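Novice: My structure is in entry26.cif, and what it holds is mmCIF, C-alpha atoms:
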```cif
data_my_file
loop_
_atom_site.label_atom_id
_atom_site.label_comp_id
_atom_site.auth_asym_id
_atom_site.auth_seq_id
_atom_site.Cartn_x
_atom_site.Cartn_y
_atom_site.Cartn_z
CA MET A 9 106.15 84.63 110.37
CA THR A 10 107.50 86.04 107.12
CA ALA A 11 105.95 87.25 103.90
CA VAL A 12 106.52 85.82 100.42
CA TYR A 13 106.43 88.07 97.37
CA PRO A 14 106.18 87.11 93.67
CA SER A 15 109.38 86.56 91.75
CA LEU A 16 110.47 85.11 88.42
CA ARG A 17 112.18 82.45 90.54
CA THR A 18 108.78 81.16 91.58
CA HIS A 19 106.32 82.45 88.97
CA PRO A 20 106.18 82.39 85.16
CA ALA A 21 106.88 85.73 83.47
CA ASP A 22 103.28 86.10 82.29
CA ASP A 23 101.80 85.47 85.73
CA PRO A 24 99.20 88.13 86.62
CA SER A 25 101.13 88.89 89.81
CA CYS A 26 103.77 90.69 87.65
CA PRO A 27 106.81 88.82 89.03
CA ALA A 28 109.23 90.71 86.75
CA LEU A 29 108.13 94.01 88.29
CA TRP A 30 108.56 92.66 91.81
CA ASP A 31 112.04 91.50 90.88
CA ALA A 32 112.79 94.92 89.39
CA LEU A 33 111.81 96.54 92.68
CA ARG A 34 114.27 94.25 94.48
CA GLU A 35 116.85 96.62 93.04
CA VAL A 36 115.32 99.59 94.84
CA THR A 37 116.75 99.79 98.31
CA ASP A 38 116.00 101.73 101.45
CA PRO A 39 118.43 104.68 101.58
CA GLU A 40 119.35 103.83 105.17
CA ILE A 41 119.78 100.03 105.02
CA PRO A 42 120.61 98.08 101.86
CA ILE A 43 117.36 96.13 101.90
CA SER A 44 114.99 96.23 98.97
CA VAL A 45 111.55 97.80 99.25
CA VAL A 46 110.13 94.36 98.41
CA ASP A 47 111.99 92.44 101.10
CA MET A 48 111.23 95.23 103.54
CA GLY A 49 107.53 94.63 102.87
CA LEU A 50 106.81 98.15 101.67
CA ILE A 51 105.10 97.05 98.45
CA VAL A 52 101.50 96.28 99.36
CA ASP A 53 100.15 95.73 95.86
CA LEU A 54 101.39 95.96 92.32
CA LYS A 55 99.29 95.79 89.15
CA GLN A 56 100.05 96.49 85.52
CA ARG A 57 97.53 97.32 82.83
CA ASP A 58 98.05 98.89 79.39
CA GLY A 59 101.55 100.00 80.28
CA VAL A 60 100.48 101.64 83.53
CA VAL A 61 101.77 100.21 86.81
CA ASN A 62 99.75 100.95 89.92
CA VAL A 63 101.76 100.53 93.10
CA LYS A 64 100.34 100.55 96.59
CA LEU A 65 103.18 101.47 98.88
CA THR A 66 103.46 101.72 102.64
CA PHE A 67 106.25 102.88 104.92
CA THR A 68 107.54 101.68 108.24
CA ALA A 69 106.73 105.03 109.87
CA LEU A 70 104.53 108.04 109.11
CA GLY A 71 107.58 110.21 109.72
CA CYS A 72 109.86 108.27 107.38
CA PRO A 73 112.28 110.90 106.07
CA ALA A 74 113.07 108.87 102.96
CA MET A 75 109.55 108.72 101.51
CA ASP A 76 110.23 110.97 98.53
CA PHE A 77 113.54 109.28 97.68
CA ILE A 78 111.95 105.85 97.76
CA MET A 79 109.00 106.89 95.61
CA ASP A 80 111.31 108.52 93.06
CA ASP A 81 113.48 105.40 92.94
CA ILE A 82 110.48 103.10 92.48
CA GLN A 83 109.15 105.27 89.68
CA GLU A 84 112.50 105.46 87.94
CA ARG A 85 113.17 101.69 88.16
CA LEU A 86 109.74 100.59 86.97
CA LEU A 87 109.87 102.96 84.01
CA ARG A 88 112.97 101.08 82.85
CA GLU A 89 110.95 97.87 82.50
CA PRO A 90 109.82 96.96 78.96
CA GLY A 91 106.28 98.12 78.21
CA VAL A 92 105.94 100.36 81.26
CA ARG A 93 105.05 103.93 80.27
CA ALA A 94 103.58 105.26 83.50
CA VAL A 95 103.76 104.51 87.23
CA ARG A 96 101.17 105.57 89.74
CA ILE A 97 102.06 105.28 93.40
CA GLU A 98 99.46 105.36 96.14
CA VAL A 99 100.70 105.53 99.72
CA VAL A 100 98.53 103.40 102.00
CA TRP A 101 98.64 102.79 105.77
CA ASP A 102 96.47 99.71 105.78
CA PRO A 103 97.83 97.11 106.32
CA VAL A 104 99.93 98.68 109.02
CA TRP A 105 103.59 97.76 108.46
CA SER A 106 105.03 95.31 110.93
CA LYS A 107 107.98 92.93 110.98
CA GLU A 108 105.70 90.21 109.63
CA ARG A 109 105.87 91.99 106.27
CA LEU A 110 109.61 91.27 105.97
CA SER A 111 110.60 88.46 103.62
CA GLU A 112 112.92 85.67 104.74
CA GLU A 113 115.76 87.37 102.87
CA GLY A 114 114.82 90.66 104.47
CA ILE A 115 115.03 89.18 107.96
CA GLU A 116 118.44 87.67 107.27
CA LEU A 117 119.71 90.96 105.90
CA MET A 118 118.41 92.95 108.84
CA ARG A 119 120.06 90.53 111.26
CA SER A 120 123.34 90.76 109.36
CA TRP A 121 123.21 94.50 110.03
CA GLY A 122 122.60 93.90 113.70
CA ILE A 123 118.98 94.95 113.56
CA SER A 124 116.48 92.86 115.49
CA ALA A 125 113.95 91.29 113.15
CA MET B 11 93.03 111.16 97.80
CA THR B 12 93.26 114.57 96.25
CA GLY B 13 90.31 116.84 96.68
CA THR B 14 88.75 118.62 93.77
CA ALA B 15 86.20 121.38 94.04
CA ALA B 16 83.48 119.04 92.75
CA ALA B 17 84.31 116.09 95.01
CA ARG B 18 85.16 117.86 98.22
CA ILE B 19 83.71 116.62 101.47
CA ASP B 20 81.46 119.12 103.20
CA ASN B 21 81.83 118.37 106.89
CA ALA B 22 82.83 121.26 109.14
CA ALA B 23 83.03 119.08 112.26
CA LEU B 24 85.46 116.56 110.78
CA PHE B 25 87.48 119.36 109.18
CA ALA B 26 87.79 121.18 112.51
CA VAL B 27 88.95 118.12 114.45
CA LEU B 28 91.43 117.09 111.75
CA ALA B 29 92.86 120.61 111.81
CA SER B 30 93.16 120.46 115.58
CA LEU B 31 94.84 117.05 115.47
CA ALA B 32 97.30 118.21 112.81
CA ASP B 33 98.12 121.46 114.62
CA ASN B 34 98.64 119.69 117.93
CA LYS B 35 100.88 117.05 116.37
CA GLN B 36 102.87 119.73 114.55
CA ALA B 37 103.25 121.83 117.69
CA ILE B 38 104.23 118.81 119.79
CA GLY B 39 106.88 117.92 117.22
CA ARG B 40 108.28 121.44 117.28
CA ARG B 41 108.44 121.48 121.08
CA TYR B 42 110.01 118.00 121.22
CA ALA B 43 112.66 119.03 118.68
CA TYR B 44 114.33 121.38 121.13
CA TRP B 45 114.90 118.51 123.56
CA ALA B 46 116.59 116.28 120.99
CA ASN B 47 119.67 118.22 122.02
CA GLY B 48 118.82 118.90 125.64
CA ALA B 49 117.29 115.84 127.26
CA PRO B 50 118.73 114.74 130.62
CA ALA B 51 120.33 111.59 129.18
CA LEU B 52 121.78 110.63 125.81
CA GLU B 53 119.19 107.86 125.38
CA ALA B 54 116.42 110.34 126.15
CA ALA B 55 117.77 112.77 123.56
CA VAL B 56 117.85 110.07 120.90
CA ALA B 57 114.30 109.11 121.84
CA ALA B 58 113.25 112.76 121.70
CA ALA B 59 114.67 113.02 118.18
CA ALA B 60 112.82 109.89 117.09
CA MET B 61 109.58 111.08 118.67
CA THR B 62 109.97 114.47 117.02
CA GLN B 63 110.18 112.71 113.69
CA ASP B 64 107.10 110.65 114.50
CA GLU B 65 105.02 113.64 115.61
CA ILE B 66 105.97 115.75 112.61
CA GLY B 67 105.21 112.70 110.48
CA HIS B 68 101.75 112.41 112.01
CA ALA B 69 101.12 116.07 111.26
CA ARG B 70 102.48 115.71 107.75
CA THR B 71 100.05 112.91 106.99
CA LEU B 72 97.06 114.76 108.50
CA TYR B 73 97.39 118.21 106.91
CA PRO B 74 96.87 117.00 103.31
CA LEU B 75 93.48 115.57 104.33
CA LEU B 76 92.24 119.12 104.89
CA GLU B 77 92.46 119.76 101.16
CA ASP B 78 89.67 117.25 100.62
CA PHE B 79 87.13 119.41 102.44
CA ALA B 80 84.85 122.13 101.16
CA GLN B 81 85.78 124.10 104.27
CA ALA B 82 89.30 124.51 102.84
CA ALA B 83 88.01 126.40 99.82
CA ALA B 84 87.38 129.59 101.80
CA ASP B 85 91.06 129.97 102.69
CA PRO B 86 93.44 127.52 100.99
CA ARG B 87 96.33 128.82 103.10
CA GLN B 88 94.93 126.93 106.07
CA VAL B 89 95.65 123.43 104.75
CA ALA B 90 99.46 123.49 105.07
CA PRO B 91 101.58 124.13 108.16
CA GLU B 92 103.86 126.46 106.21
CA THR B 93 101.05 128.85 105.29
CA ARG B 94 98.53 128.20 108.02
CA THR B 95 97.77 131.22 110.18
CA LEU B 96 95.20 129.59 112.46
CA ARG B 97 96.53 127.86 115.55
CA TYR B 98 94.35 125.04 116.84
CA HIS B 99 96.89 123.49 119.18
CA LEU B 100 96.59 123.66 122.94
CA THR B 101 97.51 126.94 124.59
CA PHE B 102 100.05 124.98 126.64
CA LEU B 103 102.07 124.51 123.45
CA ASP B 104 102.20 128.23 122.64
CA ARG B 105 105.38 128.54 124.68
CA GLU B 106 108.61 126.59 124.81
CA PHE B 107 108.71 123.81 127.37
CA ALA B 108 110.11 125.19 130.60
CA SER B 109 111.72 121.91 131.55
CA TRP B 110 112.08 118.22 130.69
CA SER B 111 109.05 117.54 132.87
CA ASP B 112 106.94 119.53 130.38
CA PHE B 113 108.14 117.14 127.66
CA VAL B 114 107.20 114.14 129.79
CA ALA B 115 103.81 115.61 130.71
CA THR B 116 103.03 116.44 127.08
CA ASN B 117 103.91 112.94 125.96
CA PHE B 118 101.99 111.31 128.79
CA LEU B 119 98.93 113.56 128.93
CA LEU B 120 98.39 115.42 125.66
CA ASP B 121 99.76 112.91 123.21
CA GLY B 122 97.96 110.24 125.21
CA ALA B 123 94.69 112.14 124.74
CA LEU B 124 95.23 112.41 120.99
CA THR B 125 95.98 108.69 120.89
CA THR B 126 92.74 108.03 122.74
CA PHE B 127 91.00 109.82 119.88
CA PHE B 128 92.89 107.85 117.24
CA GLU B 129 92.04 104.59 119.01
CA ALA B 130 88.40 105.59 118.70
CA ALA B 131 88.88 106.28 114.99
CA GLN B 132 90.37 102.91 114.02
CA HIS B 133 87.08 101.87 112.44
CA SER B 134 86.20 105.33 111.18
CA ALA B 135 83.75 105.72 108.33
CA TYR B 136 86.26 108.14 106.81
CA GLU B 137 88.86 105.80 105.33
CA PRO B 138 91.84 108.20 105.26
CA LEU B 139 91.40 108.81 108.98
CA ARG B 140 90.89 105.09 109.66
CA GLN B 141 94.16 104.19 107.90
CA ARG B 142 96.17 106.87 109.61
CA ALA B 143 94.62 106.18 112.99
CA ARG B 144 95.75 102.56 112.95
CA LYS B 145 99.29 103.51 112.03
CA ILE B 146 99.46 106.31 114.58
CA VAL B 147 98.15 104.03 117.32
CA GLN B 148 100.89 101.54 116.43
CA GLU B 149 103.61 104.18 116.56
CA GLU B 150 102.29 105.70 119.76
CA GLN B 151 102.80 102.46 121.67
CA VAL B 152 106.50 103.22 122.07
CA HIS B 153 105.75 106.85 122.97
CA ARG B 154 103.54 105.59 125.76
CA THR B 155 106.24 103.30 127.06
CA HIS B 156 108.64 106.25 127.06
CA ALA B 157 106.09 108.51 128.77
CA GLU B 158 105.16 106.07 131.51
CA GLY B 159 108.79 105.20 132.16
CA TRP B 160 109.71 108.86 132.62
CA VAL B 161 106.66 109.63 134.74
CA ARG B 162 107.72 106.82 137.09
CA ARG B 163 111.33 107.91 137.08
CA LEU B 164 110.63 111.57 137.84
CA ALA B 165 107.95 110.77 140.41
CA LYS B 166 110.19 108.35 142.29
CA ALA B 167 113.10 110.80 142.28
CA GLY B 168 111.20 112.80 144.86
CA GLY B 169 111.91 116.35 145.98
CA ALA B 170 112.08 119.11 143.41
CA VAL B 171 112.16 116.67 140.49
CA ARG B 172 108.87 115.11 141.52
CA GLN B 173 107.40 118.53 142.20
CA ALA B 174 108.38 119.74 138.73
CA LEU B 175 106.63 116.74 137.19
CA VAL B 176 103.49 117.32 139.25
CA SER B 177 103.52 121.00 138.27
CA SER B 178 103.80 120.15 134.57
CA LEU B 179 100.99 117.61 134.83
CA GLN B 180 98.78 120.11 136.65
CA ARG B 181 99.34 122.85 134.07
CA LEU B 182 98.36 120.55 131.23
CA TRP B 183 95.60 118.63 132.98
CA GLU B 184 92.47 120.74 132.45
CA GLU B 185 93.19 121.75 128.89
CA THR B 186 93.87 118.16 127.89
CA LEU B 187 90.64 116.93 129.46
CA CYS B 188 88.78 119.77 127.76
CA TRP B 189 90.18 118.91 124.31
CA PHE B 190 87.54 116.19 123.93
CA GLY B 191 84.92 118.93 124.28
CA PRO B 192 81.98 119.35 126.66
CA ASP B 193 79.76 116.29 127.09
CA ASP B 194 77.34 117.82 124.57
CA ASP B 195 80.05 119.12 122.24
CA PRO B 196 78.35 119.40 118.84
CA VAL B 197 81.57 118.69 116.94
CA MET B 198 82.71 115.46 118.63
CA SER B 199 79.08 114.36 119.02
CA GLN B 200 78.58 114.73 115.29
CA LEU B 201 81.71 112.68 114.57
CA TYR B 202 80.31 109.97 116.81
CA ARG B 203 76.84 110.03 115.22
CA GLU B 204 78.33 109.85 111.73
CA GLY B 205 80.59 106.91 112.55
CA PHE B 206 83.92 108.72 112.34
CA ILE B 207 84.74 107.76 115.94
CA ASP B 208 83.21 105.09 118.16
CA ALA B 209 82.43 107.13 121.27
CA PRO B 210 80.93 110.50 122.29
CA PRO B 211 83.07 113.08 124.12
CA ALA B 212 82.26 112.01 127.69
CA GLU B 213 83.16 108.41 126.89
CA LEU B 214 86.40 109.49 125.21
CA ARG B 215 87.32 111.49 128.30
CA SER B 216 86.54 108.53 130.53
CA ARG B 217 88.66 106.20 128.38
CA TYR B 218 91.45 108.72 128.55
CA LEU B 219 91.28 108.92 132.34
CA GLN B 220 91.37 105.13 132.45
CA ARG B 221 94.55 105.35 130.41
CA VAL B 222 96.41 107.78 132.68
CA MET B 223 94.93 107.52 136.18
CA PRO B 224 96.05 104.04 137.27
CA LEU B 225 99.72 104.99 136.87
CA LEU B 226 99.28 108.38 138.55
CA GLU B 227 97.38 106.77 141.39
CA SER B 228 100.07 104.10 141.84
CA LEU B 229 102.63 106.89 142.21
CA ALA B 230 100.44 108.79 144.68
CA ILE B 231 100.19 111.73 142.30
CA GLU B 232 96.87 113.33 143.10
CA MET B 233 94.99 114.75 140.15
CA PRO B 234 91.37 115.92 140.12
CA ALA B 235 89.76 112.70 138.95
CA ARG B 236 87.70 110.13 140.78
CA PHE B 237 86.86 106.49 140.21
CA ASP B 238 83.15 105.81 140.20
CA PRO B 239 82.74 102.31 141.67
CA GLU B 240 79.22 101.94 140.29
CA SER B 241 80.09 102.53 136.65
CA LYS B 242 83.69 101.39 137.21
CA ARG B 243 84.85 104.43 135.28
CA TRP B 244 87.15 107.33 135.91
CA LEU B 245 85.51 110.75 135.82
CA PRO B 246 86.79 114.33 136.17
CA GLY B 247 86.94 115.17 139.86
CA GLU B 248 86.12 118.84 139.40
CA ALA B 249 84.07 120.92 136.99
CA LEU B 250 86.18 121.73 133.94
CA PRO B 251 86.69 125.42 133.03
CA TRP B 252 84.34 125.55 130.07
CA GLU B 253 84.04 129.33 130.48
CA ARG B 254 87.53 129.50 128.92
CA TRP B 255 86.81 126.94 126.17
CA GLU B 256 87.40 128.14 122.61
CA ALA B 257 85.19 125.76 120.67
CA GLU B 258 86.58 126.44 117.21
CA SER B 259 90.23 125.99 118.10
CA ARG B 260 89.57 123.37 120.80
CA ARG B 261 91.79 125.07 123.37
CA LEU B 262 91.44 127.01 126.60
CA ARG B 263 92.00 130.73 126.88
CA PRO B 264 94.68 131.39 129.48
CA ALA B 265 93.18 132.04 132.91
CA GLY B 266 92.43 135.73 133.35
CA GLN B 267 92.25 136.44 129.63
CA GLU B 268 88.86 137.56 128.42
CA ALA B 269 87.20 136.12 125.35
CA ALA B 270 87.72 138.07 122.13
CA GLY B 271 85.25 140.92 122.00
CA GLU B 272 84.30 140.81 125.68
CA ASP B 273 86.36 143.87 126.47
CA GLN B 274 84.82 145.91 123.67
CA PRO B 275 82.60 148.80 124.73
#
```
Can I see the file as structure tokens?

Specialist:
Amino acid sequence: MTAVYPSLRTHPADDPSCPALWDALREVTDPEIPISVVDMGLIVDLKQRDGVVNVKLTFTALGCPAMDFIMDDIQERLLREPGVRAVRIEVVWDPVWSKERLSEEGIELMRSWGISA
Amino acid sequence: MTGTAAARIDNAALFAVLASLADNKQAIGRRYAYWANGAPALEAAVAAAAMTQDEIGHARTLYPLLEDFAQAAADPRQVAPETRTLRYHLTFLDREFASWSDFVATNFLLDGALTTFFEAAQHSAYEPLRQRARKIVQEEQVHRTHAEGWVRRLAKAGGAVRQALVSSLQRLWEETLCWFGPDDDPVMSQLYREGFIDAPPAELRSRYLQRVMPLLESLAIEMPARFDPESKRWLPGEALPWERWEAESRRLRPAGQEAAGEDQP
């Protein structure tokens, strides 16, 4: 089972699911494997209102050493999007991350790196 | 969730247990770290490094919760491992592990006990604990596999290797069982009454024994626990040393050491 996340490839730009922001986050990759935080399933929720983006973010492990890097990168990339003036990130542990949160592209990428997915 | 003075939670029992969980996880991580470069096999060293990261990660996600409590206001130093002066981890963790068997026993017994608590907190009324509990339980599944595999391996090796394992298990046994508190422990009992965990201390201890005893029994490792056929539950086989129980820090005083103040004239 894989997860599907909004994208301008599948949603109109003005869709309330903010597909442009999801696509922007496809440029933010895990520092250890070149997989985006979206395809990795780390983005739990994403909402934009009055120029403020609220991101619910999870990690694969509580001891993830790259947490701060990833949060900085998400912040920096979203602030480059038109109309975004602030980004608030909330780290959540529910839902618990599992391989089911990977996208189809994420699974293919992981396998190409020899990682079971 | 960032605590402010106005919105802080006033719950000494929950604060105390969270502090104990965080301190134990932090101390376990520090003890494991040494073995990332000294385990008996390369694979075990890699696993030790990964488990160190997990345990420190568990601590790192628990300490910030302390800031949300009114109890932290009295001494803000006590909410971060870098500044904390109180030590609420088990006495067993005060010293470096003497051998790899101490690592295995800690993973199997102590971390298993903490996981038993987190399993009981997966539907906690305190959301930050509920979220973390579910994630910790998920991550601990591989620690358990590692622990049980090494317990089997050391036990079946026989001779001095098996004896070292048994010795490590025995030294950790009582204090781990005591960590859940006496059957009428006011702290754990309050957590149960208020819906933060789904079982009182005696039930937690019984669940824990159910977790560890079948494997020990299958390996003919005798520990002081007995199976009650009527209730179909494992129970401590001997009275636990509550005379050495330090309720606030949830640890046992070393045998032979008097309680603070008892030696005062």

Novice: Select all residues from chain B having any atom no more than 10 Å from an atom of chain A (counting all atoms listed in the file, ignoring ligands), output as a PyMOL selection string.

Specialist: chain B and resi 11+60-71+137-146+148-149

Novice: Rounded to one decimal place, report the atom CA of A:Val61-atom CA of A:Cys26 distance in Å.

Specialist: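 These atoms are spaced 9.8 Å apart.
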
Novice: Determine the residue membership of the PyMOL selection byres ((chain A and resi 77) around 12) for the file above and supply it as a VMD selection string.

Specialist: chain A and resid 36 to 40 45 72 to 76 78 to 84

Novice: Go ahead and write the selection's residues with C-alpha atoms as a PDB file, keeping the file's coordinate frame.

Specialist:
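Output file out08.pdb follows:
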```
ATOM      1  CA  VAL A  36     115.320  99.590  94.840  1.00  0.00           C
ATOM      2  CA  THR A  37     116.750  99.790  98.310  1.00  0.00           C
ATOM      3  CA  ASP A  38     116.000 101.730 101.450  1.00  0.00           C
ATOM      4  CA  PRO A  39     118.430 104.680 101.580  1.00  0.00           C
ATOM      5  CA  GLU A  40     119.350 103.830 105.170  1.00  0.00           C
ATOM      6  CA  VAL A  45     111.550  97.800  99.250  1.00  0.00           C
ATOM      7  CA  CYS A  72     109.860 108.270 107.380  1.00  0.00           C
ATOM      8  CA  PRO A  73     112.280 110.900 106.070  1.00  0.00           C
ATOM      9  CA  ALA A  74     113.070 108.870 102.960  1.00  0.00           C
ATOM     10  CA  MET A  75     109.550 108.720 101.510  1.00  0.00           C
ATOM     11  CA  ASP A  76     110.230 110.970  98.530  1.00  0.00           C
ATOM     12  CA  ILE A  78     111.950 105.850  97.760  1.00  0.00           C
ATOM     13  CA  MET A  79     109.000 106.890  95.610  1.00  0.00           C
ATOM     14  CA  ASP A  80     111.310 108.520  93.060  1.00  0.00           C
ATOM     15  CA  ASP A  81     113.480 105.400  92.940  1.00  0.00           C
ATOM     16  CA  ILE A  82     110.480 103.100  92.480  1.00  0.00           C
ATOM     17  CA  GLN A  83     109.150 105.270  89.680  1.00  0.00           C
ATOM     18  CA  GLU A  84     112.500 105.460  87.940  1.00  0.00           C
TER      19      GLU A  84
END
```

Novice: Write out as a list in words each polymer residue whose atoms come within 8 Å of stretch 105-118 of chain B, counting all atoms listed in the file; drop sequence neighbours fewer than 4 positions from it.

Specialist: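 The neighbour list is Ile38, Arg41, Tyr42, Trp45, Ala49, Pro50, Gly122, His153, Arg154, Ala157, Glu158, Trp160, Val161, Leu164, Ala174, Leu175, Ser178, Leu179, Leu182 and Val222 of chain B.
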
Novice: When you look at B:Ala59 with a cut-off of 7 Å (counting all atoms listed in the file), what residues show up, excluding the ones that are within fewer than 4 positions of it in the same chain? I need them as a compact mmCIF listing (two decimals) with C-alpha atoms, keeping the file's coordinate frame.

Specialist:
```
# COMPACT_ATOMS: atom_id res chain seq x y z
CA ALA B 43 112.66 119.03 118.68
CA ALA B 46 116.59 116.28 120.99
CA ALA B 55 117.77 112.77 123.56
CA GLN B 63 110.18 112.71 113.69
```

Novice: Suppose you want the space between atom CA of B:Glu227 and atom CA of B:Ala37; what is it in Å?

Specialist: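 Computed distance, atom CA of B:Glu227 to atom CA of B:Ala37, equals 28.7 Å.
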
Novice: As an exercise, work out the distance from atom CA of A:Arg88 to atom CA of A:Gln56 in Å and give it to one decimal place.

Specialist: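 So the two atoms, atom CA of A:Arg88 and atom CA of A:Gln56, lie 14.0 Å apart.
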
Novice: Starting from the PyMOL selection byres ((chain B and resi 244-255) around 9), expand the selection into actual residues of this file and give them as a VMD selection string.

Specialist: chain B and resid 184 to 185 187 to 189 191 to 192 212 215 to 220 223 233 to 239 241 to 243 256 to 265 267 to 269

Novice: What do you get, as a VMD selection string, if you spell out every residue that the PyMOL selection byres ((chain A and resi 114) around 10) selects here?

Specialist: chain A and resid 10 to 11 42 to 49 107 109 to 113 115 to 120 125

Novice: Which residue gives the smallest distance to A:Glu89 among A:Leu54, A:Gly122, A:Ala32, A:Lys64, with all atoms listed in the file counted?

Specialist: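 Nearest candidate to A:Glu89 out of A:Leu54, A:Gly122, A:Ala32, A:Lys64: A:Ala32.
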
Novice: Given 3 Å of margin on each side, can you work out the centre and size in Å (one decimal) of an axis-aligned box holding every listed atom of stretch 18-26 of chain A, as JSON?

Specialist:
```
{"center_x": 104.0, "center_y": 85.9, "center_z": 86.9, "size_x": 15.6, "size_y": 15.5, "size_z": 15.3}
```

Novice: Can you pull out the residues contacting B:Gln81? Cut-off 12 Å, using all atoms listed in the file, and skip same-chain residues under 2 positions away; I want them as a ChimeraX atom specification.

Specialist: /B:13,15,18-26,28-29,75-79,83-89

Novice: Give me the residues within 10 Å of B:Asp194 as a ChimeraX atom specification, counting only C-alpha atoms and dropping any in the same chain fewer than 6 places off.

Specialist: /B:200,210-212

Novice: Write the residues you've just listed into a file as an mmCIF file, in the coordinates of the input, and include C-alpha atoms for each of them.

Specialist:
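Wrote it out as again-v6.cif, contents follow:
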```
data_model
loop_
_atom_site.group_PDB
_atom_site.id
_atom_site.type_symbol
_atom_site.label_atom_id
_atom_site.label_comp_id
_atom_site.auth_asym_id
_atom_site.auth_seq_id
_atom_site.Cartn_x
_atom_site.Cartn_y
_atom_site.Cartn_z
ATOM 1 C CA GLN B 200 78.580 114.730 115.290
ATOM 2 C CA PRO B 210 80.930 110.500 122.290
ATOM 3 C CA PRO B 211 83.070 113.080 124.120
ATOM 4 C CA ALA B 212 82.260 112.010 127.690
#
```

Novice: Just checking: using all atoms listed in the file, which residue out of B:Thr126, B:Asn47, B:Gln36, B:Gln132 ends up closest to B:Ala90?

Specialist: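 Among B:Thr126, B:Asn47, B:Gln36, B:Gln132, it is B:Gln36 that comes nearest to B:Ala90.
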
Novice: With all atoms listed in the file as the basis for distance, which of B:Phe190, B:Tyr73, B:Phe127, B:Tyr44 is at the shortest distance from B:Ile207?

Specialist: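 Looking only at the distances to B:Ile207, the closest residue turns out to be B:Phe127.
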